[in-house]
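Source file: query_9.cif (mmCIF, C-alpha atoms)
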data_input
#
loop_
_atom_site.label_atom_id
_atom_site.label_comp_id
_atom_site.auth_asym_id
_atom_site.auth_seq_id
_atom_site.Cartn_x
_atom_site.Cartn_y
_atom_site.Cartn_z
CA MET A 483 107.84 37.40 161.58
CA LYS A 484 110.99 39.28 162.54
CA HIS A 485 111.87 41.24 165.67
CA TYR A 486 114.49 43.99 165.83
CA LEU A 487 116.06 43.69 169.27
CA GLN A 488 119.75 44.03 168.36
CA PHE A 489 121.58 45.33 165.32
CA LYS A 490 122.72 41.82 164.44
CA ASP A 491 119.10 40.64 164.10
CA LEU A 492 119.22 41.64 160.42
CA SER A 493 121.74 40.69 157.73
CA ALA A 494 124.04 42.98 155.74
CA GLU A 495 121.84 42.37 152.71
CA GLU A 496 118.74 43.41 154.66
CA TYR A 497 120.48 46.59 155.77
CA ALA A 498 121.35 47.39 152.17
CA TYR A 499 117.64 47.19 151.39
CA LEU A 500 116.66 49.28 154.44
CA PHE A 501 119.10 52.08 153.60
CA GLN A 502 117.78 52.30 150.05
CA ARG A 503 114.22 52.19 151.31
CA ALA A 504 114.88 54.92 153.88
CA ASP A 505 116.32 57.07 151.11
CA PHE A 506 113.16 56.56 149.03
CA ILE A 507 110.88 57.35 151.98
CA LYS A 508 112.86 60.45 152.94
CA ARG A 509 112.69 61.76 149.37
CA LYS A 510 108.89 61.40 149.52
CA PHE A 511 108.84 63.29 152.82
CA LYS A 512 111.01 66.14 151.52
CA ALA A 513 108.90 66.46 148.38
CA VAL A 514 105.74 66.59 150.55
CA GLU A 515 104.39 63.56 148.70
CA LYS A 516 101.94 61.39 150.61
CA TYR A 517 103.18 57.85 151.17
CA GLN A 518 100.88 55.80 153.40
CA PRO A 519 101.35 52.04 153.09
CA PHE A 520 99.82 51.56 156.57
CA ALA A 521 96.54 53.36 155.79
CA ASP A 522 94.54 50.50 154.29
CA PRO A 523 94.20 48.44 156.33
CA ASP A 524 95.06 50.75 159.19
CA ARG A 525 98.14 49.53 161.09
CA THR A 526 98.72 50.36 164.76
CA LEU A 527 102.00 50.79 166.63
CA ALA A 528 102.10 50.41 170.41
CA MET A 529 104.93 52.39 172.02
CA ILE A 530 105.90 51.28 175.54
CA PHE A 531 108.19 53.57 177.54
CA GLU A 532 109.89 52.60 180.78
CA LYS A 533 112.59 55.17 179.96
CA ALA A 534 111.59 58.72 179.07
CA SER A 535 112.29 59.92 175.55
CA THR A 536 112.09 62.86 173.17
CA ARG A 537 113.60 61.70 169.87
CA THR A 538 112.41 58.10 170.13
CA ARG A 539 108.81 59.06 170.82
CA VAL A 540 108.57 61.82 168.23
CA SER A 541 110.39 59.88 165.49
CA PHE A 542 108.28 56.75 165.87
CA GLU A 543 104.99 58.53 166.46
CA ALA A 544 105.37 61.07 163.64
CA GLY A 545 106.72 58.38 161.34
CA MET A 546 103.81 56.03 161.96
CA TYR A 547 101.23 58.76 161.36
CA GLN A 548 103.01 59.86 158.17
CA MET A 549 102.84 56.27 156.91
CA GLY A 550 99.07 56.29 157.48
CA GLY A 551 99.01 54.26 160.70
CA SER A 552 97.91 54.85 164.27
CA VAL A 553 99.81 54.99 167.56
CA VAL A 554 99.07 53.91 171.13
CA HIS A 555 101.43 55.42 173.73
CA LEU A 556 101.97 53.58 177.03
CA THR A 557 104.18 54.20 180.05
CA THR A 558 104.63 52.16 183.21
CA GLY A 559 102.58 54.80 185.01
CA ASP A 560 99.45 54.28 182.93
CA SER A 561 99.60 50.54 182.26
CA GLN A 562 99.75 47.29 184.17
CA LEU A 563 103.48 47.11 183.44
CA GLY A 564 103.93 49.49 186.35
CA ARG A 565 101.81 47.28 188.62
CA SER A 566 103.95 44.15 188.36
CA GLU A 567 101.97 42.34 185.65
CA PRO A 568 104.30 39.73 184.13
CA ILE A 569 105.90 40.95 180.92
CA GLU A 570 104.84 37.75 179.22
CA ASP A 571 101.16 38.45 179.96
CA THR A 572 101.42 42.04 178.75
CA ALA A 573 102.99 40.83 175.52
CA ARG A 574 100.28 38.25 174.92
CA VAL A 575 97.54 40.85 175.35
CA ILE A 576 98.99 43.90 173.60
CA SER A 577 100.18 41.92 170.58
CA ARG A 578 96.59 40.75 169.95
CA MET A 579 95.45 44.36 169.58
CA VAL A 580 98.19 46.06 167.55
CA ASP A 581 100.40 45.30 164.54
CA LEU A 582 103.77 46.39 165.89
CA VAL A 583 105.36 47.15 169.27
CA MET A 584 108.26 49.48 170.11
CA ILE A 585 109.73 49.25 173.61
CA ARG A 586 112.19 51.58 175.34
CA THR A 587 113.25 49.99 178.61
CA PHE A 588 116.13 49.09 180.89
CA GLU A 589 117.36 45.48 180.75
CA GLN A 590 117.63 43.79 177.36
CA SER A 591 116.13 40.70 178.96
CA LYS A 592 112.80 42.53 179.33
CA ILE A 593 112.39 43.20 175.63
CA GLU A 594 113.53 39.66 174.80
CA ARG A 595 110.91 38.20 177.14
CA PHE A 596 108.25 40.44 175.59
CA ALA A 597 109.23 39.44 172.05
CA ALA A 598 109.21 35.74 172.94
CA HIS A 599 105.48 36.02 173.74
CA SER A 600 104.45 38.58 171.12
CA ARG A 601 102.37 37.77 168.05
CA VAL A 602 103.69 40.87 166.22
CA PRO A 603 107.15 42.32 165.51
CA VAL A 604 108.91 44.05 168.41
CA ILE A 605 111.43 46.89 167.97
CA ASN A 606 114.08 47.92 170.46
CA GLY A 607 113.73 51.68 171.02
CA LEU A 608 116.65 51.51 173.50
CA THR A 609 117.81 49.25 176.30
CA ASN A 610 120.75 49.41 178.68
CA GLU A 611 122.66 47.10 176.35
CA PHE A 612 121.72 48.16 172.80
CA HIS A 613 120.38 51.05 170.70
CA PRO A 614 120.04 49.60 167.18
CA CYS A 615 117.69 52.23 165.71
CA GLN A 616 120.19 54.96 166.51
CA ILE A 617 123.08 53.21 164.76
CA LEU A 618 120.77 52.52 161.82
CA ALA A 619 120.19 56.28 161.56
CA ASP A 620 123.88 57.09 162.03
CA LEU A 621 125.00 54.79 159.22
CA PHE A 622 122.27 56.07 156.90
CA THR A 623 123.39 59.64 157.64
CA TRP A 624 127.01 58.79 156.79
CA LEU A 625 125.87 57.24 153.51
CA GLU A 626 123.88 60.37 152.66
CA TYR A 627 126.99 62.50 153.03
CA ARG A 628 129.77 60.19 151.88
CA GLY A 629 128.21 57.16 150.19
CA ARG A 630 126.30 58.42 147.15
CA ARG A 631 127.02 57.33 143.61
CA ALA A 632 127.15 59.80 140.73
CA ASP A 633 123.50 59.01 139.92
CA GLY A 634 122.43 59.96 143.45
CA THR A 635 121.70 56.45 144.72
CA LEU A 636 123.24 55.15 147.95
CA ASP A 637 126.29 52.91 147.70
CA VAL A 638 125.97 50.79 150.82
CA GLY A 639 129.28 49.15 149.99
CA ALA A 640 130.97 52.48 150.75
CA LEU A 641 130.74 51.60 154.44
CA ARG A 642 133.13 48.70 154.02
CA GLY A 643 136.59 49.71 155.14
CA ILE A 644 135.81 53.09 156.71
CA THR A 645 136.94 53.87 160.25
CA VAL A 646 134.53 54.93 162.98
CA ALA A 647 135.95 56.36 166.22
CA TRP A 648 133.87 55.92 169.36
CA VAL A 649 134.97 58.28 172.16
CA GLY A 650 133.41 58.00 175.59
CA ASP A 651 131.43 55.46 177.56
CA GLY A 652 131.39 51.75 176.75
CA ASN A 653 127.61 51.82 176.76
CA ASN A 654 124.68 50.58 174.66
CA MET A 655 125.79 52.70 171.72
CA ALA A 656 129.31 51.28 171.80
CA ASN A 657 127.92 47.73 172.00
CA THR A 658 125.77 48.37 168.96
CA TRP A 659 128.65 49.92 167.00
CA LEU A 660 130.56 46.69 167.62
CA GLN A 661 127.78 44.63 166.08
CA ALA A 662 127.44 47.00 163.13
CA ALA A 663 131.19 46.99 162.40
CA GLN A 664 131.34 43.21 162.37
CA LEU A 665 128.26 42.89 160.18
CA LEU A 666 128.94 45.65 157.65
CA GLY A 667 132.71 45.39 157.41
CA PHE A 668 134.06 48.67 158.76
CA ARG A 669 136.74 49.32 161.40
CA LEU A 670 135.87 50.57 164.87
CA HIS A 671 138.26 52.49 167.12
CA ILE A 672 137.15 52.64 170.76
CA SER A 673 138.51 54.85 173.50
CA THR A 674 136.98 54.84 176.97
CA PRO A 675 138.28 55.72 180.44
CA ARG A 676 139.48 52.85 182.59
CA GLY A 677 136.57 51.23 184.37
CA TYR A 678 134.13 52.15 181.59
CA GLU A 679 135.38 49.81 178.86
CA VAL A 680 133.22 48.04 176.31
CA ASP A 681 132.52 44.40 177.10
CA PRO A 682 132.58 42.61 173.72
CA ALA A 683 130.84 39.61 175.28
CA VAL A 684 127.68 41.71 175.73
CA ALA A 685 127.65 42.51 172.03
CA GLY A 686 128.54 38.92 171.18
CA VAL A 687 131.58 39.92 169.11
CA PRO A 688 134.66 38.47 170.84
CA ARG A 689 136.95 38.66 167.79
CA ALA A 690 139.12 41.78 167.72
CA ASP A 691 140.21 41.84 164.08
CA PHE A 692 137.82 44.67 163.12
CA TRP A 693 138.03 46.82 166.26
CA ARG A 694 140.80 48.27 168.40
CA VAL A 695 140.91 49.84 171.84
CA PHE A 696 142.95 53.01 172.41
CA ASP A 697 143.90 54.47 175.78
CA ASP A 698 144.23 57.93 174.22
CA PRO A 699 141.13 59.26 172.41
CA MET A 700 143.40 61.30 170.13
CA ASP A 701 144.86 58.05 168.81
CA ALA A 702 141.38 56.58 168.35
CA CYS A 703 140.35 59.53 166.18
CA ARG A 704 143.47 59.44 163.99
CA GLY A 705 142.44 58.78 160.38
CA ALA A 706 138.75 58.28 161.24
CA ASP A 707 135.97 58.89 158.73
CA LEU A 708 133.46 59.42 161.52
CA VAL A 709 133.89 60.52 165.14
CA THR A 710 130.96 59.89 167.44
CA THR A 711 130.19 60.09 171.13
CA ASP A 712 127.39 60.12 173.72
CA VAL A 713 126.68 61.69 177.10
CA TRP A 714 128.99 60.58 179.88
CA THR A 715 126.10 59.58 182.16
CA SER A 716 123.36 57.55 180.50
CA MET A 717 119.83 57.33 181.86
CA GLY A 718 119.77 55.13 184.95
CA TYR A 719 123.32 56.00 186.03
CA GLU A 720 122.67 59.50 187.38
CA ALA A 721 124.11 58.60 190.82
CA GLU A 722 127.52 58.21 189.14
CA ASN A 723 127.40 61.62 187.46
CA GLU A 724 130.11 63.43 189.45
CA ALA A 725 132.50 60.48 189.38
CA ARG A 726 131.98 60.13 185.65
CA LYS A 727 132.69 63.81 185.02
CA GLN A 728 136.11 63.36 186.61
CA ALA A 729 136.86 60.07 184.88
CA PHE A 730 135.80 61.28 181.42
CA ALA A 731 137.44 64.73 181.48
CA ALA A 732 139.96 63.80 178.75
CA TRP A 733 137.26 62.26 176.54
CA CYS A 734 135.61 65.50 175.44
CA VAL A 735 135.57 65.71 171.63
CA THR A 736 137.37 68.93 170.79
CA PRO A 737 138.50 70.60 167.55
CA ALA A 738 142.00 69.24 168.26
CA MET A 739 140.58 65.74 168.45
CA MET A 740 138.63 66.20 165.21
CA ALA A 741 141.85 67.45 163.58
CA GLN A 742 143.29 63.95 164.08
CA ALA A 743 140.52 62.49 161.90
CA LYS A 744 140.37 62.78 158.14
CA PRO A 745 139.77 66.32 156.83
CA ASP A 746 136.29 65.35 155.62
CA ALA A 747 135.39 63.35 158.74
CA LEU A 748 131.89 63.77 160.13
CA PHE A 749 130.89 64.23 163.77
CA MET A 750 127.80 62.57 165.24
CA HIS A 751 126.08 62.50 168.62
CA CYS A 752 122.86 60.62 169.42
CA LEU A 753 121.66 63.52 171.65
CA PRO A 754 120.82 65.03 174.03
CA ALA A 755 124.22 66.71 174.21
CA HIS A 756 125.99 68.54 177.02
CA ARG A 757 128.25 71.14 175.42
CA GLY A 758 131.49 71.43 177.35
CA GLU A 759 131.29 67.86 178.65
CA GLU A 760 131.42 65.08 176.02
CA VAL A 761 131.77 67.57 173.15
CA THR A 762 132.63 71.22 172.76
CA ALA A 763 130.24 73.70 171.19
CA GLU A 764 132.80 74.33 168.44
CA VAL A 765 132.50 70.71 167.32
CA ILE A 766 128.80 69.96 167.67
CA ASP A 767 127.84 73.32 166.14
CA GLY A 768 130.69 73.28 163.64
CA PRO A 769 130.89 72.41 159.93
CA GLN A 770 131.75 68.73 160.44
CA SER A 771 128.74 68.08 162.65
CA VAL A 772 125.72 66.35 161.10
CA VAL A 773 123.82 65.77 164.33
CA TRP A 774 120.60 67.47 163.18
CA ASP A 775 120.35 65.37 160.02
CA GLU A 776 121.26 62.37 162.16
CA ALA A 777 118.39 63.15 164.54
CA GLU A 778 115.88 63.61 161.72
CA ASN A 779 117.02 60.39 160.10
CA ARG A 780 115.83 58.39 163.10
CA MET A 781 112.34 58.95 161.73
CA HIS A 782 113.15 57.96 158.16
CA VAL A 783 115.07 54.77 158.93
CA GLN A 784 112.44 53.70 161.45
CA LYS A 785 109.73 54.20 158.85
CA ALA A 786 111.68 51.93 156.52
CA LEU A 787 112.19 49.43 159.34
CA MET A 788 108.51 49.36 160.30
CA GLU A 789 107.51 48.96 156.66
CA TYR A 790 109.90 46.04 156.27
CA LEU A 791 108.80 44.29 159.45
CA LEU A 792 105.10 44.66 158.60
CA LEU A 793 104.99 44.39 154.82
CA GLY A 794 108.27 42.76 153.80
CA ARG A 795 110.07 43.92 150.66
CA LEU A 796 108.18 46.22 148.33
#

Could I get this file's structure written as structure tokens?
Amino acid sequence: MKHYLQFKDLSAEEYAYLFQRADFIKRKFKAVEKYQPFADPDRTLAMIFEKASTRTRVSFEAGMYQMGGSVVHLTTGDSQLGRSEPIEDTARVISRMVDLVMIRTFEQSKIERFAAHSRVPVINGLTNEFHPCQILADLFTWLEYRGRRADGTLDVGALRGITVAWVGDGNNMANTWLQAAQLLGFRLHISTPRGYEVDPAVAGVPRADFWRVFDDPMDACRGADLVTTDVWTSMGYEAENEARKQAFAAWCVTPAMMAQAKPDALFMHCLPAHRGEEVTAEVIDGPQSVVWDEAENRMHVQKALMEYLLLGRL
């Protein structure tokens, strides 16, 4: 049994399989061909939300139903999790009734405690420290656009050696990009305001040979194959919103910033986006932006992930 709590929980070879599998599953979806490996026997996903969500809920719920399974949706308001039941007890009970659990919560320690007492695989839908499903979707999206062979298949090796520029907060997304860069062999350029730096110890990647920090976001974007960002104020940090707006003013991704990247560079954003803050409308709605494919691909890569965790390699 495997859990997916951080990006580094799987190997590069497993990611190569997942990307190919996601491509297969997405092709089925686009061709309106039924593909339901969870229908017989019926498999059930429990989704536990301590943080509200749009894309995470819809992508997991729609994906599970499309694969022939069932979904149970829980929040802290309608479960004992909100009434101080120990996480360990909740895990022991829920994992006896379902086949898979996705949790979107605050501290990474919560999901780790749940997984330690679960009898079924647990997936991180987002924590304060990591967002592995989003980076899985981002990398798959880049491969769709820039990593296809002449025969149409994905060349996962195309990721090796590219440059990804992260502009903005040193948050859960940045931590996960660090893990992905180390594991899959690409370079990561990071630019954050002072006081909002990435802590490589959180990601567990202290070596700096594959990533660099830039004071100027323009320098971080220079020569990048992909420029990506996130909101300046993540969920749970709303009290810092005004201070962050001032600190991050120079970290808005603009057309001038994109012009520093390669001519065919892509722009990504995990959404929701605030046009005029972390990115201008010209960029997110422009020709280099692939954010809508990126958002859709959350569903496809998560379907591949759930299939792998439940059924292994097919």

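Pairwise distance (CA of Leu487 in chain A, CA of Asn606 in chain A) equals 4.8 Å.
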
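Among the candidates A:Thr736, A:Gln488, A:Ser493, A:Gln518, the residue lying nearest to Ile605 in chain A is A:Gln488 (atoms considered: all atoms listed in the file).
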
Select from range 553-661 of chain A every residue with an atom at most 9 Å from any atom of range 746-768 of chain A, then for each give the shortest pair of atoms and their distance in Å to one decimal, using only C-alpha atoms, rows by chain and rising number, as a Markdown table.
| residue | atom | partner | partner_atom | distance |
| --- | --- | --- | --- | --- |
| A:Gln616 | CA | A:Cys752 | CA | 6.9 |
| A:Ile617 | CA | A:Cys752 | CA | 8.8 |
| A:Asp620 | CA | A:Met750 | CA | 7.5 |
| A:Trp624 | CA | A:Leu748 | CA | 7.7 |
| A:Tyr627 | CA | A:Leu748 | CA | 8.7 |
| A:Val649 | CA | A:Glu760 | CA | 8.6 |
| A:Gly650 | CA | A:Glu760 | CA | 7.4 |
| A:Met655 | CA | A:Cys752 | CA | 8.8 |

Contacts between range 587-597 of chain A and range 531-577 of chain A, please, where a residue of range 531-577 of chain A counts if it comes within 8 Å (with all atoms listed in the file); show its shortest atom pair and distance in Å to one decimal, rows by chain and ascending number, as a tab-separated table.
residue	atom	partner	partner_atom	distance
A:Phe531	CA	A:Thr587	CA	6.3
A:Glu532	CA	A:Thr587	CA	4.8
A:Lys533	CA	A:Thr587	CA	5.4
A:Ile569	CA	A:Phe596	CA	5.8
A:Glu570	CA	A:Phe596	CA	5.7
A:Thr572	CA	A:Phe596	CA	7.7
A:Ala573	CA	A:Phe596	CA	5.3

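If you look at CA of Lys727 in chain A and CA of Asp775 in chain A, they are 27.9 Å away from each other.
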
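Residue nearest Gly794 in chain A, chosen from A:Val583, A:Pro603, A:Leu608, A:Phe668 and counting all atoms listed in the file: A:Pro603.
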
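Atom pair CA of Pro523 in chain A / CA of Arg586 in chain A has a distance of 26.4 Å (rounded to one decimal).
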
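Among the candidates A:Tyr486, A:Gln664, A:Ala528, A:Ala683, the residue lying nearest to Ile576 in chain A is A:Ala528 (atoms considered: all atoms listed in the file).
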
Practice task
For the file shown, report as a count of residues only the outcome of the PyMOL selection byres ((chain A and resi 540-552) around 9) at residue level.
Solution key: 34

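Evaluated against this file, the PyMOL selection byres ((chain A and resi 717) around 9) yields Lys533, Ala534, Asn610, Thr715, Ser716, Gly718, Tyr719 and Glu720 of chain A.
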
Residues from the last selection, C-alpha atoms, saved as a CSV table (one decimal), keeping the file's coordinate frame:
chain,number,residue,atom,x,y,z
A,533,LYS,CA,112.6,55.2,180.0
A,534,ALA,CA,111.6,58.7,179.1
A,610,ASN,CA,120.8,49.4,178.7
A,715,THR,CA,126.1,59.6,182.2
A,716,SER,CA,123.4,57.6,180.5
A,718,GLY,CA,119.8,55.1,185.0
A,719,TYR,CA,123.3,56.0,186.0
A,720,GLU,CA,122.7,59.5,187.4

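Compared by their closest atoms to Val638 in chain A, and using all atoms listed in the file, the residues A:Leu556, A:Ala619, A:Ala690, A:Leu666 rank with A:Leu666 nearest.
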
Exercise for the section: Please work out which residues fall within 12 Å of (117.8, 51.8, 148.5), coordinates as given in the file, with only C-alpha atoms counting, and return them as a VMD selection string. Expected result: chain A and resid 495 to 509 622 625 to 626 629 to 631 634 to 639 783 786 795 to 796

Residues from last step as file, C-alpha atoms, as a compact mmCIF listing (two decimals), in the coordinates of the input:
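Contents of part09.txt, freshly written:
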# COMPACT_ATOMS: atom_id res chain seq x y z
CA GLU A 495 121.84 42.37 152.71
CA GLU A 496 118.74 43.41 154.66
CA TYR A 497 120.48 46.59 155.77
CA ALA A 498 121.35 47.39 152.17
CA TYR A 499 117.64 47.19 151.39
CA LEU A 500 116.66 49.28 154.44
CA PHE A 501 119.10 52.08 153.60
CA GLN A 502 117.78 52.30 150.05
CA ARG A 503 114.22 52.19 151.31
CA ALA A 504 114.88 54.92 153.88
CA ASP A 505 116.32 57.07 151.11
CA PHE A 506 113.16 56.56 149.03
CA ILE A 507 110.88 57.35 151.98
CA LYS A 508 112.86 60.45 152.94
CA ARG A 509 112.69 61.76 149.37
CA PHE A 622 122.27 56.07 156.90
CA LEU A 625 125.87 57.24 153.51
CA GLU A 626 123.88 60.37 152.66
CA GLY A 629 128.21 57.16 150.19
CA ARG A 630 126.30 58.42 147.15
CA ARG A 631 127.02 57.33 143.61
CA GLY A 634 122.43 59.96 143.45
CA THR A 635 121.70 56.45 144.72
CA LEU A 636 123.24 55.15 147.95
CA ASP A 637 126.29 52.91 147.70
CA VAL A 638 125.97 50.79 150.82
CA GLY A 639 129.28 49.15 149.99
CA VAL A 783 115.07 54.77 158.93
CA ALA A 786 111.68 51.93 156.52
CA ARG A 795 110.07 43.92 150.66
CA LEU A 796 108.18 46.22 148.33

Exercise for the section: Select, counting all atoms listed in the file, all protein, DNA and RNA residues no farther than 10 Å from (100.5, 37.1, 168.5) in file coordinates, and express the selection as a PyMOL selection string. Expected result: chain A and resi 573-581+597-603

Exercise for the section: Check which residues satisfy the PyMOL selection byres ((chain A and resi 700) around 9) in the file shown, then give them as a ChimeraX atom specification. Expected result: /A:673,696-699,701-704,733,738-740,742-743

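Minimum atom-to-atom distance to Gly643 in chain A, evaluated using only C-alpha atoms, belongs to A:Gly705 out of A:Pro769, A:Gly705, A:Pro745, A:Pro688.
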
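For the choices A:Gln661, A:Val735, A:Trp774, A:Ala741, the atom-to-atom distance to Leu492 in chain A is smallest for A:Gln661 when using all atoms listed in the file.
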
Generate the coordinates of N, CA and C atoms for range 769-780 of chain A; report them as a PDB file, keeping the file's coordinate frame.
ATOM      1  N   PRO A 769     131.191  72.859 161.297  1.00  0.00           N
ATOM      2  CA  PRO A 769     130.890  72.410 159.930  1.00  0.00           C
ATOM      3  C   PRO A 769     130.969  70.907 159.722  1.00  0.00           C
ATOM      4  N   GLN A 770     131.654  70.184 160.604  1.00  0.00           N
ATOM      5  CA  GLN A 770     131.750  68.730 160.440  1.00  0.00           C
ATOM      6  C   GLN A 770     130.606  67.991 161.123  1.00  0.00           C
ATOM      7  N   SER A 771     129.836  68.707 161.905  1.00  0.00           N
ATOM      8  CA  SER A 771     128.740  68.080 162.650  1.00  0.00           C
ATOM      9  C   SER A 771     127.519  67.866 161.759  1.00  0.00           C
ATOM     10  N   VAL A 772     126.956  66.667 161.846  1.00  0.00           N
ATOM     11  CA  VAL A 772     125.720  66.350 161.100  1.00  0.00           C
ATOM     12  C   VAL A 772     124.639  65.859 162.060  1.00  0.00           C
ATOM     13  N   VAL A 773     124.698  66.326 163.305  1.00  0.00           N
ATOM     14  CA  VAL A 773     123.820  65.770 164.330  1.00  0.00           C
ATOM     15  C   VAL A 773     122.342  66.056 164.066  1.00  0.00           C
ATOM     16  N   TRP A 774     122.021  67.150 163.389  1.00  0.00           N
ATOM     17  CA  TRP A 774     120.600  67.470 163.180  1.00  0.00           C
ATOM     18  C   TRP A 774     120.016  66.587 162.069  1.00  0.00           C
ATOM     19  N   ASP A 775     120.784  66.350 161.022  1.00  0.00           N
ATOM     20  CA  ASP A 775     120.350  65.370 160.020  1.00  0.00           C
ATOM     21  C   ASP A 775     120.268  63.982 160.629  1.00  0.00           C
ATOM     22  N   GLU A 776     121.233  63.668 161.468  1.00  0.00           N
ATOM     23  CA  GLU A 776     121.260  62.370 162.160  1.00  0.00           C
ATOM     24  C   GLU A 776     119.996  62.177 162.988  1.00  0.00           C
ATOM     25  N   ALA A 777     119.594  63.233 163.710  1.00  0.00           N
ATOM     26  CA  ALA A 777     118.390  63.150 164.540  1.00  0.00           C
ATOM     27  C   ALA A 777     117.141  62.977 163.680  1.00  0.00           C
ATOM     28  N   GLU A 778     117.034  63.749 162.613  1.00  0.00           N
ATOM     29  CA  GLU A 778     115.880  63.610 161.720  1.00  0.00           C
ATOM     30  C   GLU A 778     115.819  62.216 161.101  1.00  0.00           C
ATOM     31  N   ASN A 779     116.986  61.681 160.789  1.00  0.00           N
ATOM     32  CA  ASN A 779     117.020  60.390 160.100  1.00  0.00           C
ATOM     33  C   ASN A 779     116.558  59.226 160.956  1.00  0.00           C
ATOM     34  N   ARG A 780     116.473  59.425 162.282  1.00  0.00           N
ATOM     35  CA  ARG A 780     115.830  58.390 163.100  1.00  0.00           C
ATOM     36  C   ARG A 780     114.443  58.088 162.554  1.00  0.00           C
TER      37      ARG A 780
END
